[in-house]
Protein chains: 2
Amino acid sequence: MKKLINDPDAVVDEMIEGMCTAHDFRRLEGTTVVVRADAPLEGKVGIVSGGGSGHEPTHAGFIGDGMLDGAAAGEVFTSPTADQISEMIQACDGGEGVFCVIKNYEGDVMNFETAMEMAEMEAETEVESVVVDDDVAVEDSLYTSGRRGVAGTIFVHKVAGAMAHQGGGLSEIKRVAAKANEHVGTMGMALTSCVTPEKGEPTFELSAEEVELGIGIHGEPGTERTDVMSADEIADHLTEAVLEDLDLEGGTEVVTMVNGMGGTPLMELYVVNRRVQEIVGEAGLEVWDERVGDYMTSLDMMGCSITVLELDDELKELLAYPAETPGLTVVE
Amino acid sequence: MKKLINDPDAVVDEMIEGMCTAHDFRRLEGTTVVVRADAPLEGKVGIVSGGGSGHEPTHAGFIGDGMLDGAAAGEVFTSPTADQISEMIQACDGGEGVFCVIKNYEGDVMNFETAMEMAEMEAETEVESVVVDDDVAVEDSLYTSGRRGVAGTIFVHKVAGAMAHQGGGLSEIKRVAAKANEHVGTMGMALTSCVTPEKGEPTFELSAEEVELGIGIHGEPGTERTDVMSADEIADHLTEAVLEDLDLEGGTEVVTMVNGMGGTPLMELYVVNRRVQEIVGEAGLEVWDERVGDYMTSLDMMGCSITVLELDDELKELLAYPAETPGLTVVE
């Protein structure tokens with residue numbers, strides 16, 4: 001196995017150390033939870049998220065003004081524990097409660113639910129949450145009942161974070177987060193498997209002649225394996241599936257995201273974006289903003305996902321609200 | 001070959017199309033030159049750069065307020081032509097001249113020099129330039145006399161761009177760009193070879209048990225091949241080589257950059273950054289800022305480079321000056 005690591009068992013711990021020196025983050029002692037250095041912010045609802053490691057910059061990379069206050073990291077591709085999530089919730093409560101953005105994986109949902117109950121009981125923290133399930137590929141999957149939560153989660157972080165920074169309360173935040181989740185769709189694909197530090201070899205076999213469409217961010221099975229396709233064919237397949245799911249009227253404003261899975265060069269993501277814009281244009285949609293880059297990765301997997309979010313004036317305002325995080329910055 | 005591309009011959013063209021829809025860029029017709037949509041900016045020195053494609057976000061990703069006005073892209077790992085560079089220079093001249101940031105590769109240096117003469121002759125554009133040669137690994141290399149220009153170039157973009165936005169003239173910009181270049185050092189390494197779209201197979205052979213230290217951003221030979229090393233051993237080797245070259249006194253302020261080569265997960269870059277900070281701390285240096293991410297890549301190569309820039313008050317002020325680009329944002 002060739003990786004820039006020391007010990008597979010220490011990789012999350014050491015990643016968090018390297019993150020906390022680089023950014024204005026604070027690690028909760030004895031945990032793999034990272035919060036903004038000045039958390040909790042008095043008078044603001046705390047916004048938190050979390051999940052398995054290996055998806056960086058998700059989630060800690062979105063900690064900062066206008067987005068998240070905290071992120072709980074589990075081991076690679078493993079949910080963080082309820083204890084740690086509860087500690088995070090309590091550390092981010094500035095008196096107005098805490099809102100949790102949860103990706104729809106059984107472990108995450110269960111541990112966040114337990115943690116929310118713990119925080120309510122132990123510290124009387126008011127909590128609310130949204131479970132993001134933007135992946136249009138499959139209805140149930142290896143670790144999920146219903147649709148998986150994938151890169152569309154970044155937009156939910158953004159709108160929830162902006163609403164909180166504008167002084168919105170828990171119910172307002174829940175409303176806009178749920179609205180974003182309801183109007184976003186994503187579908188991904190892989191050219192190669194990722195290699196986890198623990199296993200040291202590909203998570204699944206994919207021959208040199210095949211690609212997998214509809215794959216999850218942990219290498220969970222997708223919808224089909226096909227012969228290697230061109231970038232345009234892949235963009236067509238993914239974007240059309242997302243648009244079919246969203247079923248938008250012509251003239252609708254959208255934001256698009258071409259997200260890299262970690263091992264794919266930015267050059268290729270732009271090639272994909274070129275075709276995505278053509279398809280979205282042909283569908284009569286108005287593209288208000290485009291994002292291209294690595295937002296939610298699967299370690300070193302080669303591949304991409306395509307996300308489309310349907311906008312209204314409120315969502316546009318929240319997406320345009322200033323944010324300053326390592327993984328995404330919006331300048332006024 | 002598994003890549004998100006359509007045709008190896010069209011990849012640069014299609015990348016630029018996908019870039020120009022995503023960002024506030026304008027492509028000069030019939031070229032692979034990208035400039036900011038509102039170029040030239042009257043009354044400001046234009047800052048431009050360029051080089052082979054395959055290093056994204058370098059260089060076009062640094063176009064925006066406070067950094068570059070234009071970037072000329074050659075074919076993958078191939079210098080842009082003098083004609084195109086000259087067109088870029090003329091398109092970015094707002095009456096105060098244009099400053100070129102050139103990485104030290106023979107093709108780039110030759111074509112930029114020819115282009116600068118062409119722009120002076122054809123349009124009486126005043127031009128100045130700096131040749132960046134921050135790679136401490138080897139003295140001469142496959143495409144270079146003297147040291148190669150690598151990731152430290154991003155800091156030169158930043159200080160030149162900030163000086164230009166503050167109203168600095170060509171000579172002031174040249175002075176600070178040269179100062180940044182003089183005080184920056186970088187060294188890289190690869191776990192794997194990159195695969196170019198044209199060749200479709202690894203550029204060089206590197207066995208599963210080996211890594212290459214001191215490698216260039218096109219896979220040019222480095223200083224040595226060794227057995228697979230831990231992240232800490234790699235960080236030690238690279239950082240120590242850079243610090244030895246810079247020969248800094250204790251208490252000196254520096255900025256560090258752990259740069260990903262394109263195929264390496266962000267998780268691993270943070271693991272490397274953790275150790276870099278330990279070494280820099282043990283050397284008695286004061287870290288003023290840390291950057292971790294993909295800034296100058298080699299397509300899908302796995303590996304990283306480590307950059308250290310020695311600071312003074314002027315360089316700090318220029319690095320902290322606001323910038324808004326796809327690849328690097330500095331918020332006031």
# chains A, B, ... in the order shown; residues from 1 in each chain; ligands from 1
call {"tool": "closest_atom_pairs", "arguments": {"of": "chain A", "to": "chain B", "cutoff": "6 Å", "atoms": "only C-alpha atoms", "output": "Markdown table"}}
result
| residue | atom | partner | partner_atom | distance |
| --- | --- | --- | --- | --- |
| A:Leu4 | CA | B:Ala231 | CA | 4.6 |
| A:Ile5 | CA | B:Ala231 | CA | 4.7 |
| A:Asn6 | CA | B:Ser230 | CA | 4.9 |
| A:Glu14 | CA | B:Val271 | CA | 5.3 |
| A:Met15 | CA | B:Val271 | CA | 4.6 |
| A:Glu17 | CA | B:Arg274 | CA | 5.9 |
| A:Gly18 | CA | B:Arg274 | CA | 3.9 |
| A:Met19 | CA | B:Tyr270 | CA | 5.8 |
| A:Ala22 | CA | B:Glu290 | CA | 5.2 |
| A:Glu56 | CA | B:Leu266 | CA | 6.0 |
| A:Ser230 | CA | B:Asn6 | CA | 4.9 |
| A:Ala231 | CA | B:Leu4 | CA | 4.6 |
| A:Gly262 | CA | B:Pro265 | CA | 5.6 |
| A:Gly263 | CA | B:Gly263 | CA | 4.2 |
| A:Pro265 | CA | B:Leu299 | CA | 5.2 |
| A:Leu266 | CA | B:Glu56 | CA | 6.0 |
| A:Met267 | CA | B:Met15 | CA | 5.9 |
| A:Glu268 | CA | B:Leu4 | CA | 5.3 |
| A:Tyr270 | CA | B:Gly18 | CA | 4.6 |
| A:Val271 | CA | B:Met15 | CA | 4.6 |
| A:Asn273 | CA | B:Gly18 | CA | 5.2 |
| A:Arg274 | CA | B:Gly18 | CA | 3.8 |
| A:Glu290 | CA | B:Ala22 | CA | 5.2 |
| A:Leu299 | CA | B:Pro265 | CA | 5.2 |
| A:Asp300 | CA | B:Pro265 | CA | 5.5 |
call {"tool": "residues_around", "arguments": {"residues": "Ala39 of chain B", "least_positions_apart": "2", "cutoff": "7 Å", "atoms": "only C-alpha atoms", "output": "ChimeraX atom specification"}}
result
/B:35-37,41,69,91-92
call {"tool": "residues_around", "arguments": {"residues": "Lys199 of chain A", "least_positions_apart": "3", "cutoff": "9 Å", "atoms": "only C-alpha atoms", "output": "number ranges by chain"}}
result
A: 1, 8, 195-196, 202-203
call {"tool": "write_last_selection", "arguments": {"atoms": "C-alpha atoms", "output": "JSON list (two decimals), in the first residue's frame"}}
result
[["chain", "number", "residue", "atom", "x", "y", "z"],
["A", 1, "MET", "CA", 0.00, 0.00, 0.00],
["A", 8, "PRO", "CA", -3.50, 3.00, 9.56],
["A", 195, "VAL", "CA", -8.11, 2.01, -1.06],
["A", 196, "THR", "CA", -8.72, 2.39, 2.67],
["A", 202, "PRO", "CA", -9.13, -1.86, -3.37],
["A", 203, "THR", "CA", -12.47, -1.99, -1.55]]
call {"tool": "residues_around", "arguments": {"residues": "Leu170 of chain B", "least_positions_apart": "6", "cutoff": "10 Å", "atoms": "only C-alpha atoms", "output": "number ranges by chain"}}
result
B: 44-47, 96-99, 126-129, 160, 163-164
call {"tool": "write_last_selection", "arguments": {"atoms": "N, CA and C atoms", "output": "short mmCIF file (atom, residue, chain, number, x, y, z; two decimals), in the first residue's frame"}}
result
data_model
loop_
_atom_site.label_atom_id
_atom_site.label_comp_id
_atom_site.auth_asym_id
_atom_site.auth_seq_id
_atom_site.Cartn_x
_atom_site.Cartn_y
_atom_site.Cartn_z
N LYS B 44 -4.00 49.44 -13.87
CA LYS B 44 -3.36 48.41 -13.04
C LYS B 44 -2.40 47.62 -13.91
N VAL B 45 -1.24 47.30 -13.37
CA VAL B 45 -0.34 46.40 -14.09
C VAL B 45 -1.03 45.03 -14.20
N GLY B 46 -1.03 44.45 -15.38
CA GLY B 46 -1.56 43.10 -15.56
C GLY B 46 -0.56 42.07 -15.05
N ILE B 47 -1.07 41.04 -14.37
CA ILE B 47 -0.19 39.95 -13.89
C ILE B 47 -0.61 38.69 -14.63
N GLU B 96 -0.58 50.17 -17.98
CA GLU B 96 0.52 50.25 -17.01
C GLU B 96 1.53 49.12 -17.20
N GLY B 97 1.35 48.33 -18.26
CA GLY B 97 2.29 47.25 -18.52
C GLY B 97 1.83 45.93 -17.92
N VAL B 98 2.62 44.91 -18.19
CA VAL B 98 2.24 43.55 -17.78
C VAL B 98 3.45 42.85 -17.16
N PHE B 99 3.18 42.14 -16.09
CA PHE B 99 4.24 41.40 -15.41
C PHE B 99 3.98 39.90 -15.58
N GLU B 126 4.75 47.57 -22.11
CA GLU B 126 5.89 47.45 -21.19
C GLU B 126 5.77 46.12 -20.46
N VAL B 127 6.83 45.36 -20.42
CA VAL B 127 6.76 44.06 -19.74
C VAL B 127 7.95 43.87 -18.81
N GLU B 128 7.68 43.16 -17.75
CA GLU B 128 8.73 42.71 -16.84
C GLU B 128 8.38 41.28 -16.44
N SER B 129 9.35 40.61 -15.84
CA SER B 129 9.07 39.21 -15.50
C SER B 129 9.96 38.73 -14.36
N ALA B 160 2.81 39.25 -6.19
CA ALA B 160 2.78 40.11 -7.38
C ALA B 160 1.37 40.66 -7.60
N MET B 163 0.50 43.34 -4.96
CA MET B 163 1.22 44.60 -5.23
C MET B 163 0.58 45.34 -6.39
N ALA B 164 0.19 44.61 -7.42
CA ALA B 164 -0.45 45.25 -8.57
C ALA B 164 -1.79 45.86 -8.17
#
call {"tool": "select_by_dssp", "arguments": {"residues": "segment 45-220 of chain B", "states": "strand (DSSP E or B)", "output": "JSON, numbers by chain"}}
result
{"B": [46, 47, 48, 49, 50, 51, 52, 53, 63, 65, 68, 70, 71, 72, 73, 74, 75, 76, 98, 99, 100, 101, 102, 103, 127, 128, 129, 130, 131, 132, 135, 141, 144, 184, 185, 186, 187, 188, 189, 190, 195, 202, 210, 211, 212, 213]}
call {"tool": "residues_around", "arguments": {"residues": "Glu253 of chain B", "least_positions_apart": "5", "cutoff": "10 Å", "atoms": "only C-alpha atoms", "output": "PyMOL selection string"}}
result
chain B and resi 248+284-289+309-313+316
call {"tool": "residues_around", "arguments": {"residues": "Glu42 of chain A", "least_positions_apart": "6", "cutoff": "8 Å", "atoms": "only C-alpha atoms", "output": "list of chain:residue names"}}
result
A:Asp93, A:Gly94, A:Gly95, A:Glu96
call {"tool": "closest_residue", "arguments": {"among": "B:Leu206, B:Glu172, B:Gly52, B:Gln90", "to": "Ala73 of chain B", "atoms": "only C-alpha atoms"}}
result
B:Gly52
call {"tool": "select_by_dssp", "arguments": {"residues": "segment 224-320 of chain B", "states": "alpha helix (DSSP H)", "output": "PyMOL selection string"}}
result
chain B and resi 231-246+266-282+313-320
call {"tool": "closest_residue", "arguments": {"among": "B:Glu120, B:Glu139, B:Glu220, B:Asp247", "to": "His183 of chain B", "atoms": "only C-alpha atoms"}}
result
B:Asp247
call {"tool": "residues_around", "arguments": {"residues": "Glu106 of chain A", "least_positions_apart": "2", "cutoff": "8 Å", "atoms": "only C-alpha atoms", "output": "list in words"}}
result
Asn104, Asp108, Val109, Met110, Tyr143, Thr144 and Ser145 of chain A
call {"tool": "closest_residue", "arguments": {"among": "A:Met187, A:Val130, A:Cys194, A:Leu318", "to": "Arg175 of chain A", "atoms": "only C-alpha atoms"}}
result
A:Val130
call {"tool": "closest_residue", "arguments": {"among": "B:Lys158, B:His237, B:Lys174, B:His218", "to": "Ser141 of chain B", "atoms": "only C-alpha atoms"}}
result
B:His218
